[in-house]
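Asks: Got data-v2.cif for you, mmCIF, C-alpha atoms:
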data_coords
#
loop_
_atom_site.label_atom_id
_atom_site.label_comp_id
_atom_site.auth_asym_id
_atom_site.auth_seq_id
_atom_site.Cartn_x
_atom_site.Cartn_y
_atom_site.Cartn_z
CA MET A 202 7.59 -12.44 13.31
CA ASN A 203 7.41 -9.29 15.44
CA THR A 204 10.92 -8.54 16.69
CA ILE A 205 9.86 -5.73 19.03
CA PRO A 206 9.33 -6.98 22.61
CA PRO A 207 5.98 -6.29 24.27
CA THR A 208 5.85 -3.05 26.18
CA GLU A 209 5.87 -3.28 29.95
CA ALA A 210 2.73 -2.08 31.68
CA GLN A 211 4.43 1.07 32.98
CA ASP A 212 5.59 1.95 29.45
CA ARG A 213 2.15 1.71 27.88
CA PRO A 214 0.01 4.78 27.24
CA ALA A 215 -3.17 5.08 29.28
CA ARG A 216 -6.03 2.84 28.21
CA LEU A 217 -8.21 4.79 25.79
CA THR A 218 -11.72 4.67 24.42
CA VAL A 219 -11.42 4.07 20.67
CA GLY A 220 -13.69 5.14 17.81
CA VAL A 221 -13.57 4.36 14.09
CA VAL A 222 -14.78 6.70 11.36
CA GLY A 223 -15.13 4.61 8.21
CA ALA A 224 -15.66 0.89 8.74
CA GLY A 225 -13.77 -0.22 5.66
CA ARG A 226 -11.22 -3.02 5.76
CA VAL A 227 -8.60 -1.22 7.87
CA GLY A 228 -10.38 0.59 10.68
CA PRO A 229 -12.14 -2.31 12.42
CA ALA A 230 -8.97 -4.43 12.24
CA LEU A 231 -6.87 -1.73 13.90
CA ALA A 232 -9.52 -1.14 16.55
CA ALA A 233 -9.72 -4.88 17.24
CA SER A 234 -5.94 -4.96 17.61
CA LEU A 235 -6.02 -2.03 20.02
CA GLN A 236 -8.71 -3.86 21.96
CA LEU A 237 -6.35 -6.79 22.43
CA ALA A 238 -3.87 -4.32 23.92
CA GLY A 239 -6.42 -3.21 26.51
CA HIS A 240 -8.04 -0.21 24.83
CA ARG A 241 -11.84 -0.10 24.56
CA PRO A 242 -13.65 0.41 21.23
CA VAL A 243 -16.82 2.38 21.92
CA ALA A 244 -18.18 3.54 18.56
CA VAL A 245 -17.85 3.01 14.82
CA SER A 246 -19.39 4.72 11.81
CA GLY A 247 -20.44 2.86 8.70
CA VAL A 248 -23.10 3.23 6.04
CA SER A 249 -23.07 0.25 3.69
CA ASP A 250 -24.33 -3.19 4.65
CA ALA A 251 -20.83 -4.58 4.14
CA SER A 252 -19.30 -2.08 6.55
CA VAL A 253 -21.93 -2.78 9.20
CA ARG A 254 -21.33 -6.53 8.88
CA ARG A 255 -17.59 -6.01 9.07
CA ALA A 256 -17.89 -3.90 12.20
CA ALA A 257 -20.15 -6.49 13.80
CA ALA A 258 -17.68 -9.28 13.04
CA LEU A 259 -14.54 -7.52 14.26
CA LEU A 260 -16.04 -5.25 16.91
CA PRO A 261 -19.06 -7.10 18.34
CA ASP A 262 -21.38 -5.06 20.57
CA VAL A 263 -19.75 -1.78 19.47
CA PRO A 264 -22.54 0.58 18.35
CA VAL A 265 -22.67 1.97 14.81
CA VAL A 266 -23.25 5.71 15.01
CA SER A 267 -22.60 8.87 13.00
CA PRO A 268 -19.03 10.21 12.59
CA SER A 269 -19.74 13.13 14.92
CA GLU A 270 -21.01 10.73 17.59
CA VAL A 271 -17.84 8.65 17.22
CA LEU A 272 -15.79 11.73 18.08
CA GLU A 273 -18.08 12.55 20.96
CA ARG A 274 -17.58 9.13 22.57
CA ALA A 275 -13.91 8.35 21.85
CA GLU A 276 -10.60 9.64 23.14
CA LEU A 277 -8.69 8.03 20.24
CA VAL A 278 -10.37 8.26 16.83
CA LEU A 279 -9.21 6.29 13.78
CA LEU A 280 -10.03 8.12 10.53
CA THR A 281 -9.88 5.19 8.12
CA VAL A 282 -11.31 6.61 4.92
CA PRO A 283 -9.96 6.79 1.34
CA ASP A 284 -7.20 9.32 0.74
CA ASP A 285 -9.29 11.65 -1.38
CA ALA A 286 -12.07 11.76 1.22
CA LEU A 287 -9.80 12.54 4.15
CA PRO A 288 -9.28 16.34 3.76
CA GLY A 289 -13.00 16.99 3.41
CA LEU A 290 -13.84 14.75 6.35
CA VAL A 291 -11.35 16.49 8.63
CA ALA A 292 -12.50 19.94 7.57
CA GLY A 293 -16.14 19.00 8.09
CA LEU A 294 -15.57 17.55 11.54
CA ALA A 295 -13.63 20.65 12.60
CA GLU A 296 -16.23 23.06 11.20
CA THR A 297 -19.08 21.33 13.03
CA GLY A 298 -17.27 21.44 16.36
CA ALA A 299 -17.03 17.66 16.65
CA VAL A 300 -13.32 17.74 17.48
CA ARG A 301 -12.47 18.00 21.17
CA PRO A 302 -9.24 19.44 22.63
CA GLY A 303 -6.81 16.71 23.66
CA GLN A 304 -8.45 14.11 21.42
CA LEU A 305 -6.09 11.83 19.51
CA LEU A 306 -6.95 11.82 15.80
CA VAL A 307 -5.20 9.07 13.83
CA HIS A 308 -5.49 8.67 10.06
CA THR A 309 -4.19 5.66 8.13
CA SER A 310 -3.50 7.25 4.74
CA GLY A 311 -0.12 6.48 3.25
CA ARG A 312 -0.17 9.60 1.11
CA PHE A 313 -0.70 12.19 3.84
CA GLY A 314 1.25 13.15 6.90
CA THR A 315 -0.24 15.21 9.72
CA ALA A 316 -0.72 18.46 7.79
CA VAL A 317 -4.02 17.11 6.43
CA LEU A 318 -5.26 17.13 10.04
CA ASP A 319 -4.47 20.85 10.53
CA PRO A 320 -8.14 21.94 10.80
CA ALA A 321 -8.62 19.48 13.66
CA THR A 322 -5.25 20.38 15.20
CA ARG A 323 -6.31 24.02 15.36
CA ALA A 324 -9.37 22.83 17.28
CA GLY A 325 -7.10 21.19 19.86
CA ALA A 326 -6.79 17.63 18.51
CA LEU A 327 -3.52 15.68 18.70
CA PRO A 328 -2.63 14.55 15.14
CA LEU A 329 -1.03 11.21 14.22
CA ALA A 330 -0.47 9.52 10.84
CA LEU A 331 -0.10 5.73 11.23
CA HIS A 332 -0.11 3.86 7.93
CA PRO A 333 0.07 0.05 8.06
CA ALA A 334 2.13 -1.29 5.14
CA MET A 335 -0.21 -4.24 4.67
CA THR A 336 -3.11 -5.32 2.49
CA PHE A 337 -6.39 -5.93 4.28
CA THR A 338 -9.22 -8.39 3.74
CA GLY A 339 -11.74 -6.99 6.21
CA THR A 340 -11.67 -10.20 8.28
CA ARG A 341 -10.17 -11.38 11.56
CA VAL A 342 -7.02 -12.56 9.75
CA ASP A 343 -6.00 -8.91 9.38
CA VAL A 344 -5.49 -8.60 13.13
CA GLN A 345 -3.03 -11.50 13.03
CA ARG A 346 -1.19 -10.00 10.06
CA LEU A 347 -0.43 -6.84 11.99
CA ALA A 348 2.16 -8.78 14.00
CA GLY A 349 5.46 -7.60 12.56
CA CYS A 350 3.78 -5.25 10.06
CA SER A 351 5.65 -2.00 9.43
CA PHE A 352 3.74 1.24 9.99
CA GLY A 353 4.72 4.52 8.34
CA VAL A 354 4.61 6.93 11.29
CA THR A 355 4.43 10.72 11.08
CA ALA A 356 3.62 12.95 14.05
CA PRO A 357 4.68 16.17 15.73
CA GLU A 358 7.86 15.50 17.69
CA PRO A 359 6.17 15.73 21.11
CA LEU A 360 3.76 12.95 20.03
CA ARG A 361 6.33 10.71 18.41
CA MET A 362 6.72 8.35 21.37
CA ALA A 363 2.94 8.04 21.78
CA ALA A 364 2.53 7.26 18.07
CA GLU A 365 5.23 4.61 18.12
CA ALA A 366 3.82 3.10 21.32
CA LEU A 367 0.40 2.67 19.70
CA VAL A 368 1.99 0.89 16.73
CA ILE A 369 3.93 -1.43 19.02
CA GLU A 370 0.77 -2.20 20.99
CA MET A 371 -0.87 -3.33 17.73
CA GLY A 372 2.05 -5.68 17.15
CA GLY A 373 3.56 -3.49 14.46
CA GLU A 374 6.98 -1.98 13.87
CA PRO A 375 7.11 1.83 13.60
CA GLU A 376 9.08 3.36 10.73
CA TRP A 377 9.45 7.14 10.91
CA ILE A 378 8.49 8.95 7.69
CA GLU A 379 9.03 12.69 7.34
CA GLU A 380 5.99 14.72 6.32
CA GLU A 381 7.36 15.70 2.92
CA ALA A 382 8.38 12.10 2.12
CA ARG A 383 4.90 10.61 2.56
CA PRO A 384 3.83 10.72 -1.13
CA LEU A 385 7.09 9.08 -2.26
CA TYR A 386 6.80 6.47 0.50
CA HIS A 387 3.26 5.65 -0.60
CA ALA A 388 4.19 5.53 -4.29
CA ALA A 389 6.88 2.98 -3.46
CA LEU A 390 4.38 0.75 -1.67
CA ALA A 391 1.88 1.07 -4.52
CA ILE A 392 4.50 -0.02 -7.05
CA GLY A 393 5.49 -2.97 -4.90
CA ALA A 394 2.08 -4.19 -3.74
CA ASN A 395 -0.70 -2.93 -6.00
CA HIS A 396 1.19 -3.48 -9.25
CA LEU A 397 2.32 -6.90 -8.07
CA VAL A 398 -1.30 -8.02 -7.85
CA THR A 399 -1.93 -6.83 -11.40
CA LEU A 400 1.15 -8.62 -12.73
CA VAL A 401 0.34 -11.89 -10.96
CA ALA A 402 -3.31 -11.85 -12.09
CA GLN A 403 -2.22 -11.14 -15.66
CA ALA A 404 0.35 -13.94 -15.59
CA MET A 405 -2.26 -16.43 -14.35
CA GLU A 406 -4.67 -15.36 -17.08
CA LEU A 407 -2.04 -15.88 -19.79
CA LEU A 408 -1.06 -19.28 -18.39
CA ARG A 409 -4.70 -20.38 -18.54
CA ARG A 410 -4.82 -19.34 -22.19
CA ALA A 411 -1.67 -21.38 -22.77
CA GLY A 412 -3.45 -24.44 -21.37
CA VAL A 413 -2.07 -24.54 -17.83
CA GLY A 414 -4.73 -26.03 -15.57
CA ALA A 415 -3.43 -24.68 -12.25
CA PRO A 416 -1.51 -21.47 -12.90
CA ASP A 417 -1.46 -20.62 -9.19
CA ARG A 418 0.45 -23.81 -8.38
CA MET A 419 2.88 -23.15 -11.21
CA LEU A 420 3.51 -19.54 -10.25
CA GLY A 421 3.61 -20.00 -6.47
CA PRO A 422 7.11 -21.46 -6.12
CA LEU A 423 8.51 -19.30 -8.93
CA LEU A 424 7.15 -16.01 -7.61
CA GLY A 425 7.99 -16.91 -4.03
CA ALA A 426 11.61 -17.50 -5.00
CA ALA A 427 11.70 -14.35 -7.15
CA LEU A 428 10.33 -12.21 -4.32
CA ASP A 429 12.73 -13.69 -1.80
CA ASN A 430 15.68 -13.15 -4.14
CA ALA A 431 14.62 -9.59 -4.93
CA LEU A 432 14.27 -8.67 -1.25
CA ARG A 433 17.68 -10.19 -0.50
CA SER A 434 19.63 -9.06 -3.56
CA GLY A 435 17.75 -6.24 -5.30
CA ASP A 436 18.61 -5.85 -8.98
CA ALA A 437 21.17 -8.65 -8.77
CA ALA A 438 18.20 -11.04 -8.68
CA LEU A 439 17.11 -10.10 -12.22
CA THR A 440 16.87 -13.05 -14.60
CA GLY A 441 15.07 -13.83 -17.84
CA PRO A 442 15.32 -12.82 -21.50
CA VAL A 443 15.42 -9.06 -20.93
CA ALA A 444 18.26 -9.24 -18.40
CA ARG A 445 20.11 -11.65 -20.71
CA GLY A 446 19.55 -9.46 -23.77
CA ASP A 447 17.63 -12.14 -25.73
CA ALA A 448 16.05 -9.76 -28.21
CA GLY A 449 14.59 -12.56 -30.34
CA THR A 450 12.77 -14.09 -27.38
CA VAL A 451 11.34 -10.73 -26.37
CA ALA A 452 10.12 -10.15 -29.93
CA ALA A 453 8.46 -13.59 -29.89
CA HIS A 454 6.75 -12.76 -26.60
CA VAL A 455 5.27 -9.58 -27.99
CA SER A 456 4.13 -11.35 -31.15
CA GLU A 457 2.25 -13.94 -29.10
CA LEU A 458 0.76 -11.35 -26.79
CA ARG A 459 -0.54 -9.39 -29.77
CA LYS A 460 -2.34 -12.50 -30.98
CA HIS A 461 -3.77 -13.74 -27.71
CA ALA A 462 -3.80 -10.82 -25.25
CA PRO A 463 -3.27 -7.49 -27.03
CA GLN A 464 -4.26 -5.59 -23.89
CA SER A 465 -1.10 -6.94 -22.24
CA VAL A 466 1.38 -5.67 -24.84
CA GLU A 467 1.79 -2.11 -23.59
CA GLY A 468 2.43 -3.25 -20.02
CA TYR A 469 4.92 -5.89 -21.18
CA LEU A 470 6.87 -3.33 -23.20
CA ALA A 471 6.93 -0.79 -20.36
CA MET A 472 8.21 -3.36 -17.88
CA ALA A 473 10.71 -4.75 -20.39
CA ARG A 474 12.19 -1.29 -20.95
CA THR A 475 12.40 -0.60 -17.22
CA THR A 476 13.96 -4.00 -16.58
CA ALA A 477 16.49 -3.44 -19.37
CA ASP A 478 17.41 -0.04 -17.93
CA ARG A 479 18.00 -1.47 -14.48
CA ALA A 480 19.89 -4.52 -15.75
CA LEU A 481 22.12 -2.29 -17.87
CA ALA A 482 22.76 0.20 -15.07
CA HIS A 483 23.76 -2.60 -12.70
CA GLY A 484 26.05 -4.35 -15.14
CA LEU A 485 23.85 -7.40 -15.69
CA LEU A 486 23.02 -6.65 -19.32
CA LYS A 487 25.93 -6.35 -21.75
CA PRO A 488 25.94 -3.02 -23.62
CA GLU A 489 26.17 -4.65 -27.06
CA LEU A 490 23.14 -6.83 -26.28
CA ALA A 491 21.28 -3.90 -24.73
CA GLU A 492 21.50 -1.93 -27.96
CA ASP A 493 19.88 -4.75 -29.94
CA LEU A 494 17.26 -5.38 -27.27
CA LEU A 495 16.25 -1.75 -26.90
CA GLY A 496 16.11 -1.40 -30.66
CA VAL A 497 13.70 -4.32 -30.84
CA LEU A 498 11.57 -2.86 -28.06
CA ALA A 499 11.39 0.48 -29.87
CA ASN A 500 10.38 -1.10 -33.18
CA ILE A 501 7.76 -3.48 -31.87
CA GLY A 502 6.35 -0.78 -29.65
CA THR A 503 5.44 1.52 -32.52
CA GLY A 504 1.80 2.38 -32.28
CA LEU A 505 1.36 0.64 -28.93
CA ALA A 506 3.80 2.40 -26.66
CA SER A 507 5.91 5.51 -26.85
CA PRO A 508 8.90 4.81 -29.15
CA ARG A 509 12.40 5.71 -28.13
CA THR A 510 13.34 9.20 -29.22
CA GLY A 511 16.84 8.28 -30.32
CA PRO A 512 19.39 5.50 -30.48
CA ALA A 513 20.36 3.83 -27.24
CA ASN A 514 23.65 4.86 -25.70
CA PRO A 515 24.45 1.90 -23.45
CA GLY A 516 27.64 3.39 -22.16
CA THR A 517 25.95 6.28 -20.35
CA GLY A 518 23.53 4.48 -18.01
CA PRO A 519 19.80 3.77 -18.29
CA ALA A 520 18.80 4.12 -21.92
CA SER A 521 15.07 4.63 -21.87
CA GLY A 522 15.09 8.18 -20.57
CA HIS A 523 12.26 7.35 -18.13
CA GLN A 524 12.58 8.24 -14.48
CA GLU A 525 12.37 5.24 -12.20
CA GLY A 526 9.71 5.23 -9.55
CA GLN A 527 7.19 7.35 -11.43
CA GLY A 528 3.62 6.27 -11.45
CA PRO A 529 0.18 7.18 -10.20
CA ASP A 530 -0.54 7.16 -6.52
CA HIS A 531 -2.78 4.20 -5.76
CA PRO A 532 -4.37 3.10 -2.51
CA ASP A 533 -2.17 0.64 -0.67
CA ASP A 534 -5.09 -1.70 -0.18
CA PRO A 535 -5.53 -3.71 -3.44
CA SER A 536 -8.96 -4.97 -2.46
CA SER A 537 -11.67 -6.05 -4.81
CA GLY A 538 -14.76 -3.98 -5.27
CA SER A 539 -15.49 -0.45 -4.14
CA SER A 540 -17.91 1.37 -1.92
CA ASP A 541 -20.62 3.79 -2.92
CA HIS A 542 -19.90 5.69 0.27
CA PRO A 543 -16.80 7.92 0.19
CA GLU A 544 -16.30 7.69 3.94
CA GLU A 545 -15.63 3.97 3.69
CA GLY A 546 -14.09 2.76 0.44
CA ASP A 547 -11.00 0.58 0.67
CA ARG A 548 -10.17 1.79 4.16
#
Using structure tokens, write down the structure from this file.
Replies:
Amino acid sequence: MNTIPPTEAQDRPARLTVGVVGAGRVGPALAASLQLAGHRPVAVSGVSDASVRRAAALLPDVPVVSPSEVLERAELVLLTVPDDALPGLVAGLAETGAVRPGQLLVHTSGRFGTAVLDPATRAGALPLALHPAMTFTGTRVDVQRLAGCSFGVTAPEPLRMAAEALVIEMGGEPEWIEEEARPLYHAALAIGANHLVTLVAQAMELLRRAGVGAPDRMLGPLLGAALDNALRSGDAALTGPVARGDAGTVAAHVSELRKHAPQSVEGYLAMARTTADRALAHGLLKPELAEDLLGVLANIGTGLASPRTGPANPGTGPASGHQEGQGPDHPDDPSSGSSDHPEEGDR
């Protein structure tokens, strides 16, 4: 539920014409949400059939035009393209003179702050980075999900109030993120959301192989409780054989995975080591059990995952030597499929 009260009319920014460059899953939903707040979508760019259909469903009667025409028609432009396409898009729009002084340019990348918009800023644009911490389907349900959704907001200080007001108008909750913290912020969301989808899909696949007819029904209550406990209690919510130090059970798991799903072994071992490190550091895993467990993980990981470089020293903190929070930067939108057009993609 959105806990931020609706803005009074006198507190709202002026009603704006809105354009979308990149009719992926995010842009049309944000524009539709802004429309509900009184703004007026006037143009959208899209190339693929899917993007055109999506724009028609969420923004009926809004014309599909070129990116430069979107900027020509709109006072507020949403640049909702994949992260890797964003710098080139901004540079190209600035070089061609499409950017107009005083125009609000908003990108939705989690990775970037406003520096990526510098070419447009030099041309007089007003730069905002508004990243919704939400997965998108490309349907009307996304507009409803924005209620109470947190947005990572980065903007020049004079534009901070305007950026936060736009988020509130979309039903979201602004969370200020400093420019230099954007990559770390985005990595955190990728670990929590994108990797969760992979883990759940893998668990359902393994349950089917074990003969479970409805793995989604089995996992739903369990994962719902686990997520709720983790959000409430953090590491104190850890349970299971790794947190208990049941080395024999972990070894049996890996043996079965090697037989039935060898592609899952490396991921299991990596997560088991990370879980053991966190359980040990937070006093949930007894040091004497941790030594046995980590020894088992090192031995069974030989040839499949990087072995431990030395004996565990449970008394000195996390034993794996890996830094927590590392990982590749993934898009925050774990959607299926991809686009052949770089200006659209998952955005």
Asks: Please list, as a compact mmCIF listing (two decimals) with C-alpha atoms, keeping the file's coordinate frame, the residues that have an atom at most 8 Å away from (5.6, 12.5, 11.0) in the coordinates of this file, counting all atoms listed in the file.
Replies:
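Done, and the output landed in point_32.txt:
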# COMPACT_ATOMS: atom_id res chain seq x y z
CA GLY A 314 1.25 13.15 6.90
CA THR A 315 -0.24 15.21 9.72
CA LEU A 329 -1.03 11.21 14.22
CA ALA A 330 -0.47 9.52 10.84
CA VAL A 354 4.61 6.93 11.29
CA THR A 355 4.43 10.72 11.08
CA ALA A 356 3.62 12.95 14.05
CA PRO A 357 4.68 16.17 15.73
CA GLU A 358 7.86 15.50 17.69
CA ARG A 361 6.33 10.71 18.41
CA TRP A 377 9.45 7.14 10.91
CA ILE A 378 8.49 8.95 7.69
CA GLU A 379 9.03 12.69 7.34
CA GLU A 380 5.99 14.72 6.32
Asks: On this file, the PyMOL selection byres ((chain A and resi 253) around 12) gives some set of residues; write that set as a PyMOL selection string.
Replies: chain A and resi 223-226+229+244-252+254-266+339+545
Asks: Need to verify the contact set: Tyr469 in chain A, 9 Å, all atoms listed in the file, exclusion of same-chain residues closer than 5 positions in sequence. Can you return it as a count of residues only?
Replies: 4
Asks: Record the distance separating CA of Ala473 in chain A and CA of Arg445 in chain A, expressed in Å with one decimal.
Replies: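 Calculated distance between CA of Ala473 in chain A and CA of Arg445 in chain A is 11.7 Å.
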Asks: Please give the centre and size of the box around range 480-495 of chain A (axis-aligned, containing every atom listed in the file, 8 Å added per side), with values in Å to one decimal and written as JSON.
Replies:
{"center_x": 21.2, "center_y": -3.6, "center_z": -21.3, "size_x": 25.9, "size_y": 23.6, "size_z": 33.2}
Asks: Got a sec to resolve the PyMOL selection byres ((chain A and resi 292) around 10) on this structure and send the residues as a ChimeraX atom specification?
Replies: /A:287-291,293-297,317-321
Asks: Produce a file of the selected residues containing C-alpha atoms, as an mmCIF file, in the coordinates of the input.
Replies:
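part_36.cif, freshly written:
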data_model
loop_
_atom_site.group_PDB
_atom_site.id
_atom_site.type_symbol
_atom_site.label_atom_id
_atom_site.label_comp_id
_atom_site.auth_asym_id
_atom_site.auth_seq_id
_atom_site.Cartn_x
_atom_site.Cartn_y
_atom_site.Cartn_z
ATOM 1 C CA LEU A 287 -9.800 12.540 4.150
ATOM 2 C CA PRO A 288 -9.280 16.340 3.760
ATOM 3 C CA GLY A 289 -13.000 16.990 3.410
ATOM 4 C CA LEU A 290 -13.840 14.750 6.350
ATOM 5 C CA VAL A 291 -11.350 16.490 8.630
ATOM 6 C CA GLY A 293 -16.140 19.000 8.090
ATOM 7 C CA LEU A 294 -15.570 17.550 11.540
ATOM 8 C CA ALA A 295 -13.630 20.650 12.600
ATOM 9 C CA GLU A 296 -16.230 23.060 11.200
ATOM 10 C CA THR A 297 -19.080 21.330 13.030
ATOM 11 C CA VAL A 317 -4.020 17.110 6.430
ATOM 12 C CA LEU A 318 -5.260 17.130 10.040
ATOM 13 C CA ASP A 319 -4.470 20.850 10.530
ATOM 14 C CA PRO A 320 -8.140 21.940 10.800
ATOM 15 C CA ALA A 321 -8.620 19.480 13.660
#
Asks: What is the distance, in Å and to one decimal place, between CA of Leu327 in chain A and CA of Arg216 in chain A?
Replies: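 Interatomic distance here is 16.2 Å.
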Asks: Between A:Val401, A:Leu420, A:Val497, A:Leu485, single out the one closest to Leu470 in chain A, counting all atoms listed in the file.
Replies: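 Looking at the shortest contact to Leu470 in chain A, the residue is A:Val497.
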